[in-house]
Number of protein chains: 2
Amino acid sequence: MEITSLHDIVLNKSQNLQQQLYRQIVAKIITGELAPSMRLPSSRRLADELSISRNTVIKTIEQLCDEGYTTSLRGSGVYIHDKLNHQQLTRHRHKPAQVFALPKLSNKIAQLNSLKRDDNKNLPFSPGLTAIDQFPFAIWQQLLKHHASRKLLYGYNEIKGYLPLRQSLVNYLAHSRGVKCDAEQVIITQGVQHGINLCAQALLNPGDRVIVEEPGYISAKRVFESYQTEISTVQLAQQSIDVDQLNQPKYRDAKLLYSTPTHQYPMGGILSADQRLALLAWAAENKTWLLEDDYDSEFNFCQKPVAAIQGLSDTAPVIYLGSFSKTLFPSIRLGYLVVPKAVSQHFSYLKGVSCGESPLVEQAVLAEFIDEGHFTRHIRRMRKHYHEKWQHLQQQLKQLPNNCQTVAYSAGMHLVLKISGIDEHHLCQFLLNYGYAPSALSDYYYNSDKQTGLVLGFANTNGEQREHIVELINQYLKQQQS
Amino acid sequence: MEITSLHDIVLNKSQNLQQQLYRQIVAKIITGELAPSMRLPSSRRLADELSISRNTVIKTIEQLCDEGYTTSLRGSGVYIHDKLNHQQLTRHRHKPAQVFALPKLSNKIAQLNSLKRDDNKNLPFSPGLTAIDQFPFAIWQQLLKHHASRKLLYGYNEIKGYLPLRQSLVNYLAHSRGVKCDAEQVIITQGVQHGINLCAQALLNPGDRVIVEEPGYISAKRVFESYQTEISTVQLAQQSIDVDQLNQPKYRDAKLLYSTPTHQYPMGGILSADQRLALLAWAAENKTWLLEDDYDSEFNFCQKPVAAIQGLSDTAPVIYLGSFSKTLFPSIRLGYLVVPKAVSQHFSYLKGVSCGESPLVEQAVLAEFIDEGHFTRHIRRMRKHYHEKWQHLQQQLKQLPNNCQTVAYSAGMHLVLKISGIDEHHLCQFLLNYGYAPSALSDYYYNSDKQTGLVLGFANTNGEQREHIVELINQYLKQQQS
């Protein structure tokens, strides 16, 4: 049977014509409008009818023949291929593409709630945003230029990460954080979120109990939720985890405890030495993995950072977690885990299977940045820089009414402002209208006794903005009262 | 009680003294050798005894006091802190650090077997290694220099990936692979392994059935194993997936089918048009997700690459998977998923929770590399380059005895050589002694009718090496016969 015309094909002349023609003919084959053994119009006729070049038609038909949709018989023309599976096609035709229902997603993904909107994360007062303008770009770019010219860095490398970077980290972490490890124990990650996810994959089965701090790092909780674990919260005492509570029977079966002992997130407390020892003893006794997130302890200026729990014992069930997003810049996407020797090969397999290697040139740049002392210098400079901003913001906040109270410990890159008796999400929305994106304090709580207020990331703000936001909060609170 | 001496402290003068001294004193506190209320020797005495500067001792003691391990009473000296929790310490002491047993790992991680040794992946004939020396380094470095100077690229960005890159991919994939999507459906990954892992997380529950090709991509199977799924294999017909087999009842409950229809890995077959339609119809009917891995179809030179299955229907349950490790260079660590619109937000949440954003500067470099036509030019050049290498290797392999047979379809970056009646792992070890790292063909099989032979990655080899390896194989086979 001859196909007399393909007049209903509509082509957009500003896009690739061959691709469009190909796709529309295949669609007609799928829906059965063009059936096996039908003959296509000649290329000349098709070109005329569609007002396109004959060459485009010929190329399209060649593609259809190459792929087996059509077959060309010398001297006779081009036919829809006989071999096309009639039965399958017919079945397909009865269920037009439009009504395909997708198969189900996993239970895991169904547990995820929406994340904070991407487009607010770069706004002033968004927690976690660094003072990007203070970064030593010139040095970084020079190192990048050098390492990008090393062809060796374009091949494969170790799954755990680039050895010189892992060695730099061993030295840096030993010196500045009291972490005791060798390079074999360091696993380079794509940031703290990836590190938590690797731990969840490596350590947790569905139904396992995980303990998180209340309030705490919300994105960590999301990871644990996605692994269908049971989540229990533990309250704070003096703005850091209340270790005494852990002796309650309900925590006994916990497989993992996620904690920020050196700078509680977001409240800022530092766990004291005796409580550190108590926490370690509890974890060892209880056979609970301790996931120690040391996310920005470098910037604590209320007190010298206390050495990490990881370094207190050679064989403690501690996994130490860090990232460069807060110390360097958010888009670097490099972090690390320090895991016990006995399980480091397991973590390496898991990383290999779940995401493969980390980008190599950036790892080499970072290694030299650390080794040459730029990293330590940058941190020292930023600690001073952030401290000044923090003091200024603290000062401003004193203008606020009595129902507002700053949490003194909270420092580093954000400041927690408790505000009683308000709808803080409404306040956040009000501030967003002015381009400011602090977080709502209650969002850091999992289920109990939520406090209201704001978490104000001040690292990437200037003096005017800090004065302005305090004015705005004042104005908002007055409006609410009246 | 006064501590009379700390003479058993041993310091390595070539390392940080303060850190060592701190750690050894804390260790003595943990083990109970130094108990609460004991007084430390004076800093002068300690410095003398240990032959280190008094300043180092003072700083160490300051750190211990800061962290609450010790307390300083004016005029009286420094004491181990009373507050240290006796009970916890005692419990801790009875379980010295050395005997802590680690908590268990997850069932997931226990399923992982070892991966191929990292240090062989850059050796000639290792499958998957590109011709790194052919990469247009100068262009890439120039783009990198430009984008690394854009401060905007150091902040946060979209979880799904940098929008201009996703848009570049939409255009490239439409034009070259017939993939039909918009930028919202593209999720940037850290390579193909990460893409498969995201799919497994998003689509699979433990116990779900997953179908893989036999032989097939071994690292994909490892991901599915790690999610505790049931794996079934499907055989090949004409070196690509045998779609007819899928009508067997045992495949009916499958939740996901992982396939390489456009260039079967490792055998190289191209699934014909009718079989593509049949596969799509089967997946839609059967409510099975089709994970279409289009890993290096750009380099197929036996036949023009057939358009992707993804583009055949607007609502097919297809997830399309690609990577730049094979088309650009292994260490780039960027790949992509194209997912149905209805689930793209779910994938974005999952990516946000499981690993966060992708590196931004590299994404911007890649976007411009594609938009400016460098990518297409590079692929065109490499297709020719690899074709020449493939023809040369094919020619060489003709010298081998009759039990050796090349798989004609296998092309692109590797060539499959079937060799009957040998211990191929022994042969691989023999070749490794000469610095060559082809893979054993049987390693690509999951459980049935394993064929023996070699998978020879030829992309990063030179003519001498190709001649040499064929000589070596010949020599090995002769030795085995005699």
# chains A, B, ... in the order shown; residues from 1 in each chain; ligands from 1
>>> residues_around(residues="segment 178-190 of chain A", least_positions_apart="5", cutoff="8 Å", atoms="only C-alpha atoms", output="number ranges by chain")
A: 160-161, 163, 166-167, 169-170, 173, 195, 307-311, 314, 333-341, 344, 347-348, 358; B: 19, 23, 355-356, 358
>>> write_last_selection(atoms="N, CA and C atoms", output="mmCIF file, in the first residue's frame")
data_model
loop_
_atom_site.group_PDB
_atom_site.id
_atom_site.type_symbol
_atom_site.label_atom_id
_atom_site.label_comp_id
_atom_site.auth_asym_id
_atom_site.auth_seq_id
_atom_site.Cartn_x
_atom_site.Cartn_y
_atom_site.Cartn_z
ATOM 1 N N LYS A 160 39.081 6.220 47.089
ATOM 2 C CA LYS A 160 39.044 6.938 48.377
ATOM 3 C C LYS A 160 39.330 8.418 48.212
ATOM 4 N N GLY A 161 40.079 8.756 47.187
ATOM 5 C CA GLY A 161 40.459 10.149 46.981
ATOM 6 C C GLY A 161 41.943 10.227 46.656
ATOM 7 N N LEU A 163 45.615 10.684 46.957
ATOM 8 C CA LEU A 163 46.427 10.421 48.147
ATOM 9 C C LEU A 163 47.080 11.679 48.739
ATOM 10 N N ARG A 166 44.522 13.366 50.850
ATOM 11 C CA ARG A 166 44.213 12.653 52.087
ATOM 12 C C ARG A 166 45.348 12.829 53.100
ATOM 13 N N GLN A 167 46.595 12.869 52.592
ATOM 14 C CA GLN A 167 47.727 13.074 53.485
ATOM 15 C C GLN A 167 47.716 14.497 54.070
ATOM 16 N N LEU A 169 45.127 16.246 54.655
ATOM 17 C CA LEU A 169 44.064 16.261 55.659
ATOM 18 C C LEU A 169 44.506 15.599 56.955
ATOM 19 N N VAL A 170 45.230 14.491 56.831
ATOM 20 C CA VAL A 170 45.738 13.813 58.028
ATOM 21 C C VAL A 170 46.537 14.808 58.870
ATOM 22 N N LEU A 173 44.186 17.830 60.155
ATOM 23 C CA LEU A 173 43.225 17.416 61.185
ATOM 24 C C LEU A 173 43.934 17.047 62.490
ATOM 25 N N GLY A 195 28.720 12.653 52.699
ATOM 26 C CA GLY A 195 29.361 11.903 53.775
ATOM 27 C C GLY A 195 28.333 11.243 54.684
ATOM 28 N N ALA A 307 39.407 19.582 71.064
ATOM 29 C CA ALA A 307 39.821 18.515 70.150
ATOM 30 C C ALA A 307 38.666 17.555 69.888
ATOM 31 N N ALA A 308 38.671 16.954 68.706
ATOM 32 C CA ALA A 308 37.584 16.067 68.294
ATOM 33 C C ALA A 308 37.523 14.813 69.159
ATOM 34 N N ILE A 309 36.318 14.281 69.306
ATOM 35 C CA ILE A 309 36.137 13.026 70.040
ATOM 36 C C ILE A 309 36.886 11.897 69.339
ATOM 37 N N GLN A 310 36.932 11.961 68.012
ATOM 38 C CA GLN A 310 37.593 10.914 67.237
ATOM 39 C C GLN A 310 38.987 10.619 67.764
ATOM 40 N N GLY A 311 39.717 11.670 68.171
ATOM 41 C CA GLY A 311 41.105 11.493 68.571
ATOM 42 C C GLY A 311 41.300 10.951 69.973
ATOM 43 N N ASP A 314 41.836 5.142 69.983
ATOM 44 C CA ASP A 314 42.235 4.558 68.706
ATOM 45 C C ASP A 314 41.152 3.720 68.061
ATOM 46 N N ARG A 333 32.277 21.442 46.659
ATOM 47 C CA ARG A 333 31.788 20.056 46.650
ATOM 48 C C ARG A 333 32.863 19.036 46.990
ATOM 49 N N LEU A 334 33.625 19.328 48.037
ATOM 50 C CA LEU A 334 34.574 18.346 48.555
ATOM 51 C C LEU A 334 34.453 18.319 50.077
ATOM 52 N N GLY A 335 34.422 17.133 50.621
ATOM 53 C CA GLY A 335 34.402 16.947 52.054
ATOM 54 C C GLY A 335 35.149 15.662 52.365
ATOM 55 N N TYR A 336 35.029 15.161 53.592
ATOM 56 C CA TYR A 336 35.772 13.950 53.948
ATOM 57 C C TYR A 336 35.131 13.252 55.123
ATOM 58 N N LEU A 337 35.396 11.971 55.176
ATOM 59 C CA LEU A 337 35.085 11.146 56.334
ATOM 60 C C LEU A 337 36.398 10.592 56.856
ATOM 61 N N VAL A 338 36.503 10.467 58.170
ATOM 62 C CA VAL A 338 37.603 9.692 58.753
ATOM 63 C C VAL A 338 36.944 8.506 59.433
ATOM 64 N N VAL A 339 37.258 7.309 58.951
ATOM 65 C CA VAL A 339 36.568 6.108 59.443
ATOM 66 C C VAL A 339 37.579 5.192 60.131
ATOM 67 N N PRO A 340 37.116 4.325 61.041
ATOM 68 C CA PRO A 340 38.051 3.392 61.678
ATOM 69 C C PRO A 340 38.746 2.520 60.627
ATOM 70 N N LYS A 341 39.981 2.171 60.914
ATOM 71 C CA LYS A 341 40.767 1.373 59.966
ATOM 72 C C LYS A 341 40.037 0.103 59.529
ATOM 73 N N SER A 344 37.609 0.865 56.688
ATOM 74 C CA SER A 344 37.914 1.837 55.630
ATOM 75 C C SER A 344 37.780 1.222 54.242
ATOM 76 N N PHE A 347 34.118 1.197 53.227
ATOM 77 C CA PHE A 347 33.658 2.517 52.779
ATOM 78 C C PHE A 347 34.177 2.822 51.373
ATOM 79 N N SER A 348 35.364 2.371 51.087
ATOM 80 C CA SER A 348 35.919 2.602 49.760
ATOM 81 C C SER A 348 35.101 1.854 48.700
ATOM 82 N N SER A 358 36.235 11.027 43.053
ATOM 83 C CA SER A 358 35.979 12.463 43.189
ATOM 84 C C SER A 358 36.819 13.203 42.145
ATOM 85 N N GLN B 19 50.902 18.687 70.355
ATOM 86 C CA GLN B 19 49.861 17.728 70.028
ATOM 87 C C GLN B 19 50.141 16.380 70.685
ATOM 88 N N ARG B 23 47.933 14.703 73.702
ATOM 89 C CA ARG B 23 47.248 13.438 73.489
ATOM 90 C C ARG B 23 47.643 12.397 74.536
ATOM 91 N N CYS B 355 23.656 13.667 48.112
ATOM 92 C CA CYS B 355 25.005 14.161 47.843
ATOM 93 C C CYS B 355 25.068 15.652 47.582
ATOM 94 N N GLY B 356 23.962 16.344 47.524
ATOM 95 C CA GLY B 356 24.021 17.794 47.318
ATOM 96 C C GLY B 356 24.342 18.155 45.879
ATOM 97 N N SER B 358 26.436 19.587 42.411
ATOM 98 C CA SER B 358 27.627 19.164 41.668
ATOM 99 C C SER B 358 28.570 20.368 41.546
#
>>> residues_around(residues="Ile58 of chain B", least_positions_apart="5", cutoff="12 Å", atoms="only C-alpha atoms", output="PyMOL selection string")
chain B and resi 17-18+21-22+40-47+52-53+63-65+72+77-78
>>> interface_residues(of="chain A", to="chain B", cutoff="6 Å", atoms="only C-alpha atoms", output="PyMOL selection string")
chain A and resi 67-69+84-85+88+92+97+100+102-103+105-106+109+118+122+154-156+158+193-194+197+202-205+223+273-274+278+281+287+306+313+315+317+329-333+353-355+359-360
>>> select_by_dssp(residues="segment 142-181 of chain A", states="helix (DSSP H, G or I)", output="list in words")
Gln142, Leu143, Leu144, Lys145, His146, His147, Ala148, Lys151, Leu152, Leu153, Tyr154, Leu163, Pro164, Leu165, Arg166, Gln167, Ser168, Leu169, Val170, Asn171, Tyr172, Leu173, Ala174, His175, Ser176 and Arg177 of chain A
>>> atom_distance(atom1="atom CA of Ala35 of chain A", atom2="atom CA of Ile80 of chain A")
6.6 Å
>>> residues_around(residues="segment 259-268 of chain B", least_positions_apart="3", cutoff="8 Å", atoms="only C-alpha atoms", output="number ranges by chain")
B: 212-213, 215-217, 239-241, 271, 276, 290-297, 300, 305-306, 308, 407, 409-411, 414, 416, 444, 455
>>> residues_around(residues="Phe299 of chain B", least_positions_apart="4", cutoff="9 Å", atoms="only C-alpha atoms", output="PyMOL selection string")
chain B and resi 305+327+379-380+382-384+386-387+411-413
>>> select_by_dssp(residues="segment 95-277 of chain A", states="strand (DSSP E)", output="list in words")
Val186, Ile187, Ile188, Thr189, Arg209, Val210, Ile211, Val212, Glu213, Glu214, Glu230, Ile231, Ser232, Thr233, Val234, Gln235, Leu236, Ala237, Ser240, Ile241, Ala254, Lys255, Leu256, Leu257, Tyr258 and Ser259 of chain A
>>> residues_around(residues="Pro401 of chain A", least_positions_apart="4", cutoff="12 Å", atoms="only C-alpha atoms", output="list in words")
Gln396, Leu397, Gln405, Thr406, Leu417, Lys418, Ile419, Ser420, Val470, Glu471, Ile473, Asn474, Gln475, Tyr476, Leu477, Lys478 and Gln481 of chain A
>>> atom_distance(atom1="atom CA of Ile231 of chain B", atom2="atom CA of Tyr446 of chain B")
9.1 Å
>>> atom_distance(atom1="atom CA of Glu2 of chain A", atom2="atom CA of Arg39 of chain A")
4.7 Å
>>> residues_around(residues="Leu246 of chain A", least_positions_apart="5", cutoff="8 Å", atoms="only C-alpha atoms", output="ChimeraX atom specification")
/A:234,251-252,282
